[in-house]
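**Q** My structure is in target09.tsv, and what it holds is TSV, C-alpha atoms:
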chain	number	residue	atom	x	y	z
A	9	MET	CA	-55.60	-46.84	3.92
A	10	PRO	CA	-56.34	-50.53	4.39
A	11	LEU	CA	-53.74	-52.78	2.85
A	12	LEU	CA	-54.41	-56.32	1.81
A	13	ILE	CA	-51.68	-58.58	3.10
A	14	VAL	CA	-51.47	-62.06	1.68
A	15	SER	CA	-49.12	-64.66	3.00
A	16	ALA	CA	-48.54	-67.00	0.14
A	17	LYS	CA	-47.45	-70.57	0.56
A	18	ALA	CA	-47.29	-71.49	-3.11
A	19	GLU	CA	-44.11	-70.94	-5.06
A	20	GLU	CA	-45.88	-69.09	-7.81
A	21	VAL	CA	-48.07	-66.10	-7.05
A	22	THR	CA	-49.96	-63.68	-9.26
A	23	VAL	CA	-50.35	-59.95	-8.72
A	24	LYS	CA	-53.27	-58.57	-10.69
A	25	ILE	CA	-53.22	-55.08	-12.13
A	26	ASP	CA	-56.79	-53.92	-12.22
A	27	ASN	CA	-58.35	-50.45	-12.08
A	28	PHE	CA	-54.90	-48.88	-11.67
A	29	VAL	CA	-54.20	-50.92	-8.54
A	30	PHE	CA	-51.67	-53.70	-7.85
A	31	SER	CA	-53.54	-56.44	-6.03
A	32	PRO	CA	-52.51	-57.55	-3.49
A	33	GLN	CA	-50.73	-54.29	-2.87
A	34	ILE	CA	-48.46	-55.87	-0.27
A	35	LEU	CA	-47.52	-59.47	-0.91
A	36	THR	CA	-45.54	-61.58	1.53
A	37	ILE	CA	-43.75	-64.58	0.03
A	38	LYS	CA	-41.01	-67.05	0.80
A	39	ALA	CA	-37.64	-66.65	-0.88
A	40	GLY	CA	-37.59	-68.46	-4.20
A	41	THR	CA	-41.17	-67.59	-5.09
A	42	LYS	CA	-41.95	-66.65	-8.66
A	43	VAL	CA	-44.28	-63.62	-8.89
A	44	THR	CA	-46.23	-62.88	-12.06
A	45	TRP	CA	-47.94	-59.54	-12.68
A	46	VAL	CA	-50.89	-59.65	-15.09
A	47	ASN	CA	-52.41	-56.47	-16.53
A	48	ASP	CA	-56.22	-56.67	-16.64
A	49	ASP	CA	-56.68	-52.96	-17.48
A	50	ASP	CA	-57.48	-51.39	-20.86
A	51	ILE	CA	-54.39	-49.21	-20.42
A	52	PRO	CA	-50.75	-50.34	-20.41
A	53	HIS	CA	-48.86	-50.42	-17.13
A	54	THR	CA	-45.33	-51.36	-16.11
A	55	VAL	CA	-43.60	-52.78	-13.08
A	56	ALA	CA	-40.74	-50.44	-12.18
A	57	SER	CA	-38.33	-50.30	-9.26
A	58	THR	CA	-34.75	-49.57	-8.32
A	59	THR	CA	-34.11	-53.31	-7.90
A	60	GLN	CA	-31.96	-54.84	-10.60
A	61	GLY	CA	-34.18	-56.77	-13.02
A	62	LEU	CA	-37.45	-55.81	-11.35
A	63	ARG	CA	-38.54	-53.69	-14.29
A	64	SER	CA	-40.94	-54.81	-16.99
A	65	LYS	CA	-41.53	-53.52	-20.46
A	66	ALA	CA	-44.92	-51.92	-21.07
A	67	LEU	CA	-47.61	-54.49	-20.35
A	68	ASP	CA	-50.58	-54.12	-22.65
A	69	THR	CA	-53.94	-55.64	-21.73
A	70	GLY	CA	-53.42	-59.31	-20.85
A	71	ASP	CA	-49.61	-59.10	-20.88
A	72	SER	CA	-47.64	-60.41	-17.92
A	73	PHE	CA	-44.21	-60.07	-16.31
A	74	THR	CA	-42.51	-62.60	-14.06
A	75	PHE	CA	-39.75	-62.12	-11.51
A	76	THR	CA	-38.35	-64.66	-9.04
A	77	PHE	CA	-37.42	-63.29	-5.63
A	78	THR	CA	-34.46	-65.13	-4.16
A	79	THR	CA	-33.19	-62.73	-1.53
A	80	PRO	CA	-35.18	-61.84	1.60
A	81	GLY	CA	-36.12	-58.21	1.97
A	82	THR	CA	-38.82	-55.69	1.11
A	83	TYR	CA	-39.08	-54.76	-2.55
A	84	LYS	CA	-41.01	-51.62	-3.36
A	85	TYR	CA	-42.19	-51.09	-6.90
A	86	PHE	CA	-44.52	-48.83	-8.88
A	87	CYS	CA	-46.00	-48.36	-12.34
A	88	GLY	CA	-43.52	-46.41	-14.47
A	89	LEU	CA	-46.40	-44.81	-16.38
A	90	HIS	CA	-48.71	-44.10	-13.44
A	91	PRO	CA	-46.32	-43.80	-10.49
A	92	HIS	CA	-49.11	-43.21	-7.99
A	93	MET	CA	-49.68	-46.96	-8.37
A	94	THR	CA	-47.35	-48.61	-5.86
A	95	GLY	CA	-46.88	-52.02	-4.30
A	96	SER	CA	-44.37	-54.05	-2.36
A	97	ILE	CA	-43.19	-57.61	-2.13
A	98	VAL	CA	-41.98	-58.81	1.26
A	99	VAL	CA	-39.64	-61.77	0.84
A	100	GLU	CA	-39.12	-63.84	3.96
A	101	GLY	CA	-36.31	-66.29	4.48
A	102	ALA	CA	-37.11	-70.00	4.27
A	103	THR	CA	-38.72	-71.49	7.38
A	104	GLY	CA	-36.30	-72.54	10.09
A	105	SER	CA	-32.89	-71.29	10.98
A	106	ASN	CA	-31.09	-72.25	7.77
A	107	ALA	CA	-32.51	-69.48	5.62
A	108	PRO	CA	-30.70	-68.98	2.33
A	109	GLN	CA	-28.30	-66.08	2.31
B	18	MET	CA	-62.25	-13.47	-3.40
B	19	THR	CA	-61.94	-10.16	-5.17
B	20	LEU	CA	-60.13	-9.40	-8.34
B	21	GLN	CA	-57.75	-7.19	-6.40
B	22	ASP	CA	-56.71	-10.13	-4.29
B	23	ASP	CA	-56.21	-12.44	-7.16
B	24	GLY	CA	-55.59	-10.23	-10.13
B	25	PRO	CA	-52.41	-8.90	-11.60
B	26	SER	CA	-50.72	-5.80	-10.28
B	27	ARG	CA	-51.37	-2.50	-12.01
B	28	ARG	CA	-47.86	-2.58	-13.36
B	29	LYS	CA	-48.40	-5.95	-14.94
B	30	VAL	CA	-51.67	-4.79	-16.37
B	31	LEU	CA	-49.93	-1.85	-17.96
B	32	GLU	CA	-47.25	-4.12	-19.34
B	33	CYS	CA	-49.90	-6.26	-20.91
B	34	MET	CA	-51.46	-3.19	-22.44
B	35	THR	CA	-48.17	-2.49	-24.12
B	36	TRP	CA	-48.41	-5.75	-25.90
B	37	ALA	CA	-52.12	-5.71	-26.52
B	38	GLY	CA	-52.45	-2.13	-27.67
B	39	THR	CA	-55.49	-1.06	-25.72
B	40	GLY	CA	-57.58	-2.17	-22.81
B	41	VAL	CA	-56.81	-4.82	-20.30
B	42	LEU	CA	-60.00	-6.75	-20.19
B	43	TRP	CA	-58.48	-10.13	-20.57
B	44	THR	CA	-56.00	-9.86	-17.74
B	45	VAL	CA	-58.66	-8.97	-15.20
B	46	ALA	CA	-61.88	-10.60	-16.21
B	47	GLY	CA	-62.04	-11.14	-19.92
B	48	GLY	CA	-58.66	-12.76	-19.55
B	49	VAL	CA	-60.52	-15.84	-18.55
B	50	PRO	CA	-60.41	-17.77	-21.76
B	51	ALA	CA	-63.87	-18.82	-22.72
B	52	SER	CA	-64.37	-22.53	-22.90
B	53	LEU	CA	-67.55	-22.63	-24.88
B	54	GLY	CA	-67.89	-26.36	-24.99
B	55	LEU	CA	-69.00	-26.40	-28.58
B	56	ILE	CA	-67.78	-24.55	-31.58
B	57	ASP	CA	-69.18	-21.11	-31.95
B	58	GLU	CA	-68.90	-20.42	-35.64
B	59	ALA	CA	-69.66	-16.74	-35.18
B	60	VAL	CA	-66.83	-16.29	-32.71
B	61	ALA	CA	-64.48	-18.27	-34.89
B	62	GLN	CA	-65.41	-16.29	-37.99
B	63	GLN	CA	-64.65	-13.03	-36.24
B	64	ALA	CA	-61.42	-14.27	-34.76
B	65	LYS	CA	-58.99	-11.95	-36.46
B	66	GLY	CA	-56.24	-12.56	-33.99
B	67	PHE	CA	-53.42	-14.99	-34.01
B	68	THR	CA	-54.91	-18.48	-33.83
B	69	PHE	CA	-53.44	-21.89	-33.17
B	70	LEU	CA	-54.92	-25.27	-32.43
B	71	GLN	CA	-54.40	-27.94	-29.82
B	72	ILE	CA	-55.07	-31.63	-30.22
B	73	SER	CA	-54.17	-34.29	-27.71
B	74	ASP	CA	-54.16	-37.93	-26.74
B	75	SER	CA	-54.70	-39.55	-30.14
B	76	HIS	CA	-53.70	-42.98	-28.74
B	77	MET	CA	-53.20	-44.59	-32.14
B	78	GLY	CA	-53.35	-48.35	-31.56
B	79	PHE	CA	-55.96	-48.28	-28.78
B	80	ASP	CA	-58.73	-50.71	-29.74
B	81	LYS	CA	-60.75	-51.36	-26.58
B	82	PRO	CA	-64.54	-50.92	-26.15
B	83	ALA	CA	-64.22	-47.25	-25.12
B	84	ASN	CA	-63.36	-46.58	-28.79
B	85	PRO	CA	-62.41	-49.43	-31.12
B	86	ASN	CA	-61.69	-47.01	-33.96
B	87	VAL	CA	-59.38	-44.23	-32.81
B	88	LYS	CA	-58.17	-43.63	-36.36
B	89	SER	CA	-61.59	-42.54	-37.53
B	90	THR	CA	-62.11	-40.16	-34.60
B	91	LEU	CA	-58.68	-38.61	-35.23
B	92	GLU	CA	-59.62	-38.25	-38.90
B	93	GLU	CA	-62.83	-36.50	-37.87
B	94	ALA	CA	-60.88	-34.18	-35.57
B	95	ILE	CA	-58.47	-33.29	-38.37
B	96	ALA	CA	-61.41	-32.65	-40.69
B	97	ARG	CA	-62.72	-30.19	-38.09
B	98	VAL	CA	-59.30	-28.60	-37.90
B	99	ARG	CA	-59.30	-28.10	-41.66
B	100	ALA	CA	-62.69	-26.45	-41.43
B	101	VAL	CA	-61.56	-23.85	-38.89
B	102	PRO	CA	-62.02	-20.49	-40.56
B	103	GLY	CA	-59.09	-18.15	-40.92
B	104	SER	CA	-55.58	-19.49	-40.94
B	105	PRO	CA	-54.46	-21.10	-37.72
B	106	ALA	CA	-50.72	-20.60	-37.47
B	107	PHE	CA	-49.93	-24.13	-36.35
B	108	MET	CA	-51.04	-26.98	-34.18
B	109	ILE	CA	-49.82	-28.20	-30.81
B	110	HIS	CA	-50.13	-31.88	-29.90
B	111	THR	CA	-49.93	-32.41	-26.14
B	112	GLY	CA	-48.89	-36.04	-26.23
B	113	ASP	CA	-49.98	-39.65	-26.24
B	114	ILE	CA	-49.80	-39.65	-30.01
B	115	SER	CA	-49.55	-43.44	-29.81
B	116	HIS	CA	-50.86	-46.01	-27.36
B	117	LEU	CA	-47.79	-48.27	-27.21
B	118	SER	CA	-45.01	-46.29	-28.98
B	119	LYS	CA	-45.10	-48.64	-31.98
B	120	PRO	CA	-43.71	-47.37	-35.30
B	121	SER	CA	-46.99	-48.29	-37.02
B	122	GLU	CA	-48.92	-46.20	-34.50
B	123	PHE	CA	-46.71	-43.16	-35.07
B	124	ASP	CA	-47.06	-43.77	-38.84
B	125	ASP	CA	-50.86	-43.78	-38.59
B	126	ALA	CA	-50.83	-40.59	-36.53
B	127	ASP	CA	-48.49	-38.82	-38.94
B	128	LYS	CA	-50.53	-39.88	-41.96
B	129	ILE	CA	-53.75	-38.51	-40.51
B	130	ILE	CA	-52.41	-35.41	-38.74
B	131	SER	CA	-50.46	-34.30	-41.81
B	132	GLN	CA	-53.81	-33.88	-43.57
B	133	ALA	CA	-54.30	-30.73	-41.49
B	134	LYS	CA	-51.46	-29.21	-43.55
B	135	LEU	CA	-50.18	-27.32	-40.53
B	136	ASP	CA	-46.88	-27.33	-38.68
B	137	VAL	CA	-47.29	-29.43	-35.55
B	138	HIS	CA	-45.34	-28.90	-32.32
B	139	TYR	CA	-45.32	-32.04	-30.19
B	140	VAL	CA	-44.52	-32.95	-26.62
B	141	PRO	CA	-44.53	-36.62	-25.58
B	142	GLY	CA	-47.02	-38.38	-23.36
B	143	GLU	CA	-46.03	-41.39	-21.27
B	144	HIS	CA	-47.47	-43.69	-23.95
B	145	ASP	CA	-45.02	-42.29	-26.51
B	146	LEU	CA	-41.89	-43.35	-24.61
B	147	ILE	CA	-42.52	-47.05	-23.93
B	148	ASP	CA	-40.57	-48.57	-26.79
B	149	GLU	CA	-37.62	-50.82	-25.87
B	150	ASP	CA	-35.25	-47.85	-25.92
B	151	ARG	CA	-37.51	-45.67	-23.80
B	152	GLY	CA	-38.35	-42.88	-26.17
B	153	LYS	CA	-35.81	-43.36	-28.96
B	154	LEU	CA	-38.59	-43.66	-31.56
B	155	TYR	CA	-40.29	-40.51	-30.33
B	156	ARG	CA	-37.06	-38.52	-30.24
B	157	GLU	CA	-36.11	-39.64	-33.76
B	158	ARG	CA	-39.45	-38.55	-35.16
B	159	TYR	CA	-40.40	-35.52	-33.13
B	160	GLY	CA	-37.38	-34.55	-31.10
B	161	ARG	CA	-35.20	-32.88	-33.69
B	162	GLY	CA	-33.80	-29.64	-32.33
B	163	THR	CA	-35.15	-30.28	-28.84
B	164	LYS	CA	-33.30	-30.67	-25.57
B	165	GLY	CA	-33.28	-33.54	-23.08
B	166	ASP	CA	-36.22	-35.82	-23.70
B	167	GLY	CA	-37.86	-33.34	-26.06
B	168	TYR	CA	-38.39	-29.90	-24.49
B	169	TYR	CA	-37.96	-26.67	-26.43
B	170	SER	CA	-39.27	-23.17	-26.94
B	171	PHE	CA	-40.06	-20.91	-29.86
B	172	ASP	CA	-41.66	-17.56	-30.59
B	173	ALA	CA	-44.62	-16.90	-32.83
B	174	ASN	CA	-46.48	-13.67	-33.36
B	175	GLY	CA	-44.92	-12.13	-30.28
B	176	VAL	CA	-45.99	-15.03	-28.07
B	177	HIS	CA	-43.37	-17.22	-26.40
B	178	PHE	CA	-44.20	-20.94	-26.58
B	179	VAL	CA	-42.57	-23.51	-24.30
B	180	GLY	CA	-43.03	-27.27	-24.76
B	181	LEU	CA	-42.15	-29.26	-21.64
B	182	VAL	CA	-41.73	-32.99	-20.95
B	183	ASN	CA	-43.15	-34.18	-17.62
B	184	VAL	CA	-43.52	-37.91	-18.34
B	185	VAL	CA	-39.92	-39.10	-17.88
B	186	ASP	CA	-38.12	-40.50	-14.85
B	187	LEU	CA	-41.29	-40.71	-12.78
B	188	LYS	CA	-40.83	-41.58	-9.12
B	189	GLY	CA	-42.73	-44.26	-7.22
B	190	GLY	CA	-45.67	-42.70	-5.38
B	191	GLY	CA	-45.22	-39.45	-7.29
B	192	LEU	CA	-46.89	-37.50	-10.08
B	193	GLY	CA	-45.58	-36.02	-13.33
B	194	ASN	CA	-41.97	-34.87	-13.21
B	195	LEU	CA	-39.99	-32.16	-15.00
B	196	GLY	CA	-36.65	-32.71	-13.28
B	197	ALA	CA	-33.87	-30.36	-12.24
B	198	GLU	CA	-32.17	-30.16	-15.63
B	199	GLN	CA	-35.33	-29.12	-17.47
B	200	LEU	CA	-36.28	-26.63	-14.75
B	201	ALA	CA	-32.86	-25.01	-14.99
B	202	TRP	CA	-33.28	-24.76	-18.74
B	203	LEU	CA	-36.76	-23.22	-18.32
B	204	GLU	CA	-35.45	-20.63	-15.89
B	205	SER	CA	-32.73	-19.56	-18.30
B	206	ASP	CA	-35.09	-19.68	-21.28
B	207	LEU	CA	-37.38	-17.18	-19.58
B	208	ARG	CA	-34.64	-14.99	-18.13
B	209	GLY	CA	-34.43	-11.57	-19.68
B	210	ARG	CA	-37.77	-11.82	-21.44
B	211	SER	CA	-40.16	-8.92	-21.08
B	212	ALA	CA	-42.92	-9.66	-18.58
B	213	SER	CA	-45.34	-8.22	-21.11
B	214	GLN	CA	-44.71	-11.04	-23.57
B	215	PRO	CA	-47.54	-13.58	-23.44
B	216	VAL	CA	-46.29	-17.07	-22.66
B	217	VAL	CA	-47.93	-20.36	-23.59
B	218	VAL	CA	-46.60	-23.45	-21.86
B	219	PHE	CA	-47.67	-26.90	-23.00
B	220	ALA	CA	-46.95	-30.34	-21.57
B	221	HIS	CA	-48.73	-33.67	-21.42
B	222	ILE	CA	-49.65	-34.14	-17.76
B	223	PRO	CA	-51.36	-31.14	-16.11
B	224	LEU	CA	-48.77	-28.85	-14.54
B	225	TRP	CA	-51.18	-28.02	-11.76
B	226	THR	CA	-52.64	-30.54	-9.35
B	227	VAL	CA	-55.95	-31.71	-10.73
B	228	TYR	CA	-56.38	-34.94	-8.78
B	229	PRO	CA	-53.31	-36.48	-7.14
B	230	GLU	CA	-55.19	-39.67	-6.23
B	231	TRP	CA	-55.15	-40.47	-9.95
B	232	GLY	CA	-51.72	-39.01	-10.55
B	233	TRP	CA	-53.15	-35.95	-12.31
B	234	GLY	CA	-50.55	-33.35	-11.51
B	235	THR	CA	-46.80	-32.61	-11.69
B	236	ASP	CA	-44.64	-32.85	-8.58
B	237	ASP	CA	-42.34	-29.99	-9.52
B	238	GLY	CA	-44.90	-28.07	-11.60
B	239	GLY	CA	-45.02	-25.38	-8.92
B	240	GLN	CA	-41.37	-24.56	-9.50
B	241	ALA	CA	-41.98	-24.07	-13.22
B	242	LEU	CA	-44.95	-21.84	-12.46
B	243	GLY	CA	-42.76	-19.83	-10.09
B	244	TYR	CA	-40.55	-18.85	-13.02
B	245	LEU	CA	-43.66	-17.74	-14.91
B	246	LYS	CA	-45.15	-15.64	-12.12
B	247	ARG	CA	-43.80	-12.32	-13.31
B	248	PHE	CA	-45.38	-12.61	-16.75
B	249	GLY	CA	-48.63	-10.77	-17.35
B	250	SER	CA	-50.24	-13.51	-19.42
B	251	VAL	CA	-49.49	-17.19	-19.05
B	252	THR	CA	-51.53	-19.96	-20.61
B	253	VAL	CA	-50.82	-23.57	-19.66
B	254	LEU	CA	-52.15	-26.23	-22.02
B	255	ASN	CA	-52.19	-29.90	-21.09
B	256	GLY	CA	-53.74	-33.22	-22.10
B	257	HIS	CA	-53.57	-36.58	-20.33
B	258	ILE	CA	-56.91	-36.44	-18.52
B	259	HIS	CA	-59.08	-36.69	-21.67
B	260	GLN	CA	-61.56	-34.02	-20.64
B	261	VAL	CA	-61.80	-30.25	-20.54
B	262	MET	CA	-60.82	-28.68	-17.27
B	263	GLN	CA	-59.95	-25.10	-16.64
B	264	LYS	CA	-58.64	-22.95	-13.84
B	265	VAL	CA	-57.46	-19.37	-13.54
B	266	GLU	CA	-54.94	-18.44	-10.89
B	267	GLY	CA	-53.63	-14.89	-10.96
B	268	ASN	CA	-52.20	-14.33	-14.43
B	269	VAL	CA	-52.12	-18.00	-15.27
B	270	THR	CA	-54.86	-19.80	-17.14
B	271	PHE	CA	-54.75	-23.58	-17.04
B	272	HIS	CA	-56.57	-25.62	-19.62
B	273	THR	CA	-56.73	-29.30	-20.50
B	274	ALA	CA	-57.92	-30.56	-23.87
B	275	ARG	CA	-60.12	-33.44	-24.83
B	276	SER	CA	-58.65	-36.58	-26.33
B	277	THR	CA	-59.40	-37.52	-29.91
B	278	ALA	CA	-59.48	-41.20	-28.84
B	279	PHE	CA	-61.52	-41.97	-25.71
B	280	PRO	CA	-62.96	-40.13	-22.71
B	281	GLN	CA	-61.85	-40.58	-19.11
B	282	PRO	CA	-64.06	-40.10	-16.05
B	283	ALA	CA	-64.22	-36.90	-14.02
B	284	PRO	CA	-61.97	-37.05	-10.94
B	285	GLY	CA	-63.24	-39.46	-8.32
B	286	THR	CA	-66.36	-40.47	-10.23
B	287	ALA	CA	-65.08	-43.95	-11.11
B	288	PRO	CA	-62.91	-46.57	-9.45
B	289	SER	CA	-60.00	-45.62	-11.73
B	290	PRO	CA	-59.05	-43.15	-14.45
B	291	GLY	CA	-59.23	-45.86	-17.12
B	292	PRO	CA	-60.96	-45.41	-20.50
B	293	MET	CA	-64.64	-44.62	-20.04
B	294	LYS	CA	-67.13	-46.57	-22.14
B	295	VAL	CA	-70.08	-44.38	-23.06
B	296	ALA	CA	-73.05	-44.93	-25.37
B	297	ASP	CA	-71.90	-44.95	-29.00
B	298	ASP	CA	-73.92	-41.84	-29.86
B	299	LYS	CA	-72.36	-39.96	-26.96
B	300	LEU	CA	-68.72	-40.75	-27.69
B	301	ARG	CA	-68.14	-37.95	-30.18
B	302	THR	CA	-69.49	-35.34	-27.79
B	303	LEU	CA	-66.61	-36.18	-25.44
B	304	LEU	CA	-63.77	-36.10	-27.99
B	305	GLY	CA	-62.44	-33.09	-29.82
B	306	THR	CA	-59.94	-30.29	-30.30
B	307	ALA	CA	-59.20	-26.84	-28.91
B	308	ASP	CA	-58.78	-23.65	-30.87
B	309	ILE	CA	-56.91	-20.81	-29.17
B	310	THR	CA	-57.03	-17.21	-30.34
B	311	PHE	CA	-55.10	-14.20	-29.16
B	312	LYS	CA	-57.23	-11.28	-30.22
B	313	GLN	CA	-54.78	-8.47	-30.27
B	314	ASN	CA	-57.26	-5.65	-30.60
B	315	GLU	CA	-59.86	-6.91	-28.20
B	316	GLN	CA	-57.49	-8.20	-25.54
B	317	ARG	CA	-59.28	-11.47	-25.45
B	318	LEU	CA	-57.59	-14.79	-25.32
B	319	ALA	CA	-60.20	-17.30	-26.27
B	320	ILE	CA	-59.99	-21.04	-26.06
B	321	VAL	CA	-62.77	-22.76	-27.94
B	322	ASP	CA	-63.11	-26.46	-27.28
B	323	THR	CA	-64.71	-28.27	-30.13
B	324	PRO	CA	-66.23	-31.70	-29.68
B	325	LEU	CA	-66.43	-33.92	-32.74
B	326	LYS	CA	-70.21	-33.80	-32.36
B	327	ALA	CA	-72.26	-31.17	-30.54
Starting from the coordinates I provided, produce the structure as structure tokens.

**A**
Amino acid sequence: MPLLIVSAKAEEVTVKIDNFVFSPQILTIKAGTKVTWVNDDDIPHTVASTTQGLRSKALDTGDSFTFTFTTPGTYKYFCGLHPHMTGSIVVEGATGSNAPQ
Amino acid sequence: MTLQDDGPSRRKVLECMTWAGTGVLWTVAGGVPASLGLIDEAVAQQAKGFTFLQISDSHMGFDKPANPNVKSTLEEAIARVRAVPGSPAFMIHTGDISHLSKPSEFDDADKIISQAKLDVHYVPGEHDLIDEDRGKLYRERYGRGTKGDGYYSFDANGVHFVGLVNVVDLKGGGLGNLGAEQLAWLESDLRGRSASQPVVVFAHIPLWTVYPEWGWGTDDGGQALGYLKRFGSVTVLNGHIHQVMQKVEGNVTFHTARSTAFPQPAPGTAPSPGPMKVADDKLRTLLGTADITFKQNEQRLAIVDTPLKA
């Protein structure tokens, strides 16, 4: 399965939910980046995970959910209503050797 | 594939005869519930058996192009229910009563569905448990006397009915989920029951794998079906996929009902399982109800799916 990998430089990034897919499905960001999920489907979705706080309420059409990733690591998430929809956020430390802890 | 390979054992057949009185047609061949696609008044008129109805996926509150008026299509479905000849014993609703679990959506559903003047046995869909308290509203309204997130069983006319919840605690990358606690309850609920007693199991998401790519199946559904294997007649009724689909496997007949709100595409025929916009004059041919009859003297279990418009 081809996965779209986007390396984002901006501090705010959007993940679109469209046709029951999180897009990009794998998103690589720097620590401190604010990620906003926007539901473009005619059906509600959620962002769910085992990570504290990374869990949205039901997002109806046009609703969004924002989460700021401060700690490097890989964050897997899924739609709590349609769990076959999955995605992950890869958070890299800041450039250079003095990455935040 | 021959009937001998797939069909019930002679012992099971005989057990079913005990319940049915004579003949065994339905367990071998006639046991395939007929999905006629449109109401057959003649069949319905002659249905002298024990009859109940299934409606599903009302999605009160949905207002997108696929059907901007889900209240009126539910009203039409209930009008059809009222017109069913004979006296259906009750109605089963296989979930997604509401679109967003809002009190006003449940109110609208209750107002319309109560017009059928029948007892209604509900199980929740995933859309019914997305209030702030994850299902509190559903459990307050529909969960009285149920266990866990709303599962239960009851007997009617010699048939054992089991309502299951497979839309809670879903796992990333997975399908529908019953969970260990509910499975343990199901096993004990069925223990000691005569294998000749017909069993009807109903849940929102299909208990068998219809199309995993769209999440249309239940991860631990196989375990539940394992507990049901010894029964001579098992009927599994689901919703969720907004279209009629049917499968017979051994003694188990699987059936999904139409939605009263909007159609969804056949597996793999669209980029996603989202609401399917069809021509206005076609919409009502894709929405409807199901009418299930146990004909005790003819050994036929018939499921008649009725679209709102032929």

**Q** Taking a cut-off of 12 Å and counting only C-alpha atoms, can you build a table that, for each residue of chain A near chain B, reports the nearest atom pair and how far apart they are in Å (one decimal), sorted by chain then residue number, as CSV?

**A**
residue,atom,partner,partner_atom,distance
A:Ile25,CA,B:Ser289,CA,11.6
A:Asp26,CA,B:Ser289,CA,8.9
A:Asn27,CA,B:Ser289,CA,5.1
A:Phe28,CA,B:Ser289,CA,6.1
A:Val29,CA,B:Ser289,CA,8.5
A:Asp48,CA,B:Gly291,CA,11.2
A:Asp49,CA,B:Gly291,CA,7.6
A:Asp50,CA,B:Lys81,CA,6.6
A:Ile51,CA,B:Gly291,CA,6.7
A:Pro52,CA,B:Leu117,CA,7.7
A:His53,CA,B:His144,CA,9.7
A:Thr54,CA,B:Ile147,CA,9.4
A:Val55,CA,B:Gly189,CA,10.4
A:Ala56,CA,B:Gly189,CA,8.2
A:Ser57,CA,B:Gly189,CA,7.7
A:Thr58,CA,B:Gly189,CA,9.6
A:Arg63,CA,B:Glu149,CA,12.0
A:Ser64,CA,B:Glu149,CA,10.3
A:Lys65,CA,B:Glu149,CA,7.2
A:Ala66,CA,B:Ile147,CA,6.1
A:Leu67,CA,B:Leu117,CA,9.3
A:Asp68,CA,B:Leu117,CA,7.9
A:Thr69,CA,B:Lys81,CA,9.4
A:Lys84,CA,B:Gly189,CA,8.5
A:Tyr85,CA,B:Gly189,CA,6.9
A:Phe86,CA,B:Gly189,CA,5.2
A:Cys87,CA,B:Gly189,CA,7.3
A:Gly88,CA,B:Leu187,CA,6.3
A:Leu89,CA,B:Glu143,CA,6.0
A:His90,CA,B:Gly232,CA,6.6
A:Pro91,CA,B:Gly189,CA,4.9
A:His92,CA,B:Gly190,CA,4.3
A:Met93,CA,B:Gly190,CA,6.6
A:Thr94,CA,B:Gly190,CA,6.2
A:Gly95,CA,B:Gly189,CA,9.3
A:Ser96,CA,B:Gly189,CA,11.1

**Q** Neighbourhood query: residues within 9 Å of (-53.7, -35.0, -37.8), file coordinates, counting only C-alpha atoms; return as a list in words.

**A**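 The requested residues, written out, are Ile72, Ser75, Leu91, Glu92, Ala94, Ile95, Ala96, Val98, Ala126, Asp127, Lys128, Ile129, Ile130, Ser131, Gln132, Ala133, Lys134, Leu135 and Val137 of chain B.
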
**Q** Put those residues in a file: C-alpha atoms, as a PDB file, in the frame of the given file.

**A**
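Final output, result-v2.pdb:
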ATOM      1  CA  ILE B  72     -55.070 -31.630 -30.220  1.00  0.00           C
ATOM      2  CA  SER B  75     -54.700 -39.550 -30.140  1.00  0.00           C
ATOM      3  CA  LEU B  91     -58.680 -38.610 -35.230  1.00  0.00           C
ATOM      4  CA  GLU B  92     -59.620 -38.250 -38.900  1.00  0.00           C
ATOM      5  CA  ALA B  94     -60.880 -34.180 -35.570  1.00  0.00           C
ATOM      6  CA  ILE B  95     -58.470 -33.290 -38.370  1.00  0.00           C
ATOM      7  CA  ALA B  96     -61.410 -32.650 -40.690  1.00  0.00           C
ATOM      8  CA  VAL B  98     -59.300 -28.600 -37.900  1.00  0.00           C
ATOM      9  CA  ALA B 126     -50.830 -40.590 -36.530  1.00  0.00           C
ATOM     10  CA  ASP B 127     -48.490 -38.820 -38.940  1.00  0.00           C
ATOM     11  CA  LYS B 128     -50.530 -39.880 -41.960  1.00  0.00           C
ATOM     12  CA  ILE B 129     -53.750 -38.510 -40.510  1.00  0.00           C
ATOM     13  CA  ILE B 130     -52.410 -35.410 -38.740  1.00  0.00           C
ATOM     14  CA  SER B 131     -50.460 -34.300 -41.810  1.00  0.00           C
ATOM     15  CA  GLN B 132     -53.810 -33.880 -43.570  1.00  0.00           C
ATOM     16  CA  ALA B 133     -54.300 -30.730 -41.490  1.00  0.00           C
ATOM     17  CA  LYS B 134     -51.460 -29.210 -43.550  1.00  0.00           C
ATOM     18  CA  LEU B 135     -50.180 -27.320 -40.530  1.00  0.00           C
ATOM     19  CA  VAL B 137     -47.290 -29.430 -35.550  1.00  0.00           C
TER      20      VAL B 137
END

**Q** Can you list, as a list in words, every protein, DNA or RNA residue that comes within 12 Å of Arg156 in chain B when you count all atoms listed in the file, leaving out same-chain residues fewer than 3 positions away?

**A**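 After dropping sequence-adjacent residues, the list is Ser118, Phe123, Tyr139, Val140, Pro141, Asp145, Leu146, Ile147, Asp148, Asp150, Arg151, Gly152, Lys153, Tyr159, Gly160, Arg161, Gly162, Thr163, Lys164, Gly165, Asp166, Gly167, Tyr168 and Val182 of chain B.
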
**Q** Which value, in Å to one decimal, gives the distance between CA of Asp74 in chain B and CA of Leu242 in chain B?

**A** 23.4 Å

**Q** Just how far from CA of Pro223 in chain B is CA of Asp113 in chain B, in Å to one decimal?

**A**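 Going from CA of Asp113 in chain B over to CA of Pro223 in chain B, I get 13.3 Å.
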